[in-house]
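> Following this message is one structure expressed as structure tokens.
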Amino acid sequence: MPSLRLGSIAPDFEAETTKGPIKFHEWIGDSWAVLFSHPGDFTPVCTTELAEVSRRAPDFAARGVKLIGISANGLQDHEKWVADINDYGSQFGPTNVQFPIIADPARQVSTLYDMLDEQDATNRDAKGLPFTIRTVFVIDPKKVIRLTISYPASTGRNFDEILRVIDSLQIGDKYRVTTPVNWNKGDDVIVHPSVSNEEAKTLFPEFKIHKPYLRTTPLKI
């Protein structure tokens, strides 16, 4: 099976989760989605990540984004782990994991999405099966993969960056712009190369030409 790339259709699948069985594409519906994998339950880095995502769930919801995790353990372990996550996270603020976590003990979904660790020989379970790396997929309402980021098992993810990229993608889809280095919502954006200067005068009256190929503009949204 060819590897998944930006622009690929996210593979559909059926799975058991902590919120009941799902059909992935049906579950996404007309929303955006973030699918993020975890090497295993009851692991320290994953616990900090899930607690953070739970606390940041309103930020994702405000952008029309659904969250779903996946770990190579069964539902019984997931349920016990969620209790630990909520307990740990409560040190930093109200934490109550409400998004589903996929049970993937046979690595079926992890294999489908090419999330298994082939580098770290220690990132394996008692049977010698590889755990997943920390992969993130951002999927749009058309079920197209718009972002993939893979972290080693030892490194926790930066969810501020994931939110930043979602903002960039959504703004770009709507306003014919791209975003420059270190951009954050509210900063100036780049006028898309497909927009002529004549069009830009109407679409972006305050746009500035730095180079023939580089034009920036404020974007009031």
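FYI, nothing fancy with the structure tokens labels: chains A, B, ... in order, residues from 1 per chain, ligands from 1 as they appear.
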Check range 75-220 of chain A with DSSP on the backbone and list each residue it calls helix (DSSP H, G or I), as a PyMOL selection string.
chain A and resi 75-89+108-112+159-175+197-203
> Please identify every residue of range 157-211 of chain A that has at least one atom no farther than 9 Å from an atom of range 139-149 of chain A, counting only C-alpha atoms, and for each give the shortest atom pair and the distance in Å to one decimal, arranged by chain then increasing number, as JSON lines.

```
{"residue": "A:Ile162", "atom": "CA", "partner": "A:Leu147", "partner_atom": "CA", "distance": 8.9}
{"residue": "A:Val165", "atom": "CA", "partner": "A:Leu147", "partner_atom": "CA", "distance": 8.1}
{"residue": "A:Ile166", "atom": "CA", "partner": "A:Leu147", "partner_atom": "CA", "distance": 8.6}
{"residue": "A:Leu169", "atom": "CA", "partner": "A:Arg146", "partner_atom": "CA", "distance": 7.9}
```
> Write the residues of the preceding selection, restricted to N, CA and C atoms, as a PDB file, in the first residue's frame.

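New file part26.pdb:
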```
ATOM      1  N   ILE A 162      -0.112  22.622  16.402  1.00  0.00           N
ATOM      2  CA  ILE A 162      -1.164  21.967  15.631  1.00  0.00           C
ATOM      3  C   ILE A 162      -2.350  22.907  15.444  1.00  0.00           C
ATOM      4  N   VAL A 165      -1.418  25.542  12.796  1.00  0.00           N
ATOM      5  CA  VAL A 165      -1.511  25.058  11.414  1.00  0.00           C
ATOM      6  C   VAL A 165      -2.970  24.938  10.977  1.00  0.00           C
ATOM      7  N   ILE A 166      -3.834  24.490  11.870  1.00  0.00           N
ATOM      8  CA  ILE A 166      -5.262  24.415  11.532  1.00  0.00           C
ATOM      9  C   ILE A 166      -5.791  25.813  11.196  1.00  0.00           C
ATOM     10  N   LEU A 169      -4.561  26.642   7.693  1.00  0.00           N
ATOM     11  CA  LEU A 169      -5.266  25.893   6.652  1.00  0.00           C
ATOM     12  C   LEU A 169      -6.671  26.447   6.433  1.00  0.00           C
TER      13      LEU A 169
END
```
> With only C-alpha atoms as the basis for distance, which of A:Gly93, A:Pro152, A:Gly40, A:Gly74 is at the shortest distance from Ala106 in chain A?
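Among the listed residues, A:Gly74 lies closest to Ala106 in chain A.
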> Give me, as a Markdown table, each residue of range 133-209 of chain A that comes within 7 Å of range 216-220 of chain A, together with its shortest interatomic pair and the distance in Å at one decimal, counting only C-alpha atoms, with rows ordered by chain and rising residue number.

```
| residue | atom | partner | partner_atom | distance |
| --- | --- | --- | --- | --- |
| A:Asp187 | CA | A:Pro218 | CA | 6.9 |
| A:Asp188 | CA | A:Pro218 | CA | 4.5 |
| A:Val189 | CA | A:Thr216 | CA | 5.5 |
| A:Ile190 | CA | A:Thr216 | CA | 4.3 |
| A:Val191 | CA | A:Thr216 | CA | 5.7 |
| A:Phe204 | CA | A:Thr217 | CA | 6.5 |
| A:Glu206 | CA | A:Thr217 | CA | 5.9 |
| A:Phe207 | CA | A:Thr217 | CA | 4.2 |
| A:Lys208 | CA | A:Thr216 | CA | 5.4 |
| A:Ile209 | CA | A:Thr216 | CA | 6.8 |
```
> Counting only C-alpha atoms, what is within 12 Å of Ser194 in chain A, bar same-chain residues fewer than 2 positions away, as a VMD selection string?
chain A and resid 175 to 178 190 to 192 196 to 200 213 to 215
> Need to verify the contact set: range 42-56 of chain A, 12 Å, only C-alpha atoms, exclusion of same-chain residues closer than 6 positions in sequence. Can you return it as JSON, numbers by chain?
{"A": [34, 35, 36, 62, 63, 65, 66, 67, 68, 69, 70, 71, 72, 73, 77, 78, 79, 80, 81, 82, 83, 84, 85, 86, 87, 88, 89, 90, 91, 92, 93, 94, 95, 96, 97, 98, 99, 100, 101, 123, 131, 132, 133, 134, 135, 151, 152, 153, 154, 155, 156, 157, 158, 159, 160, 162, 163]}
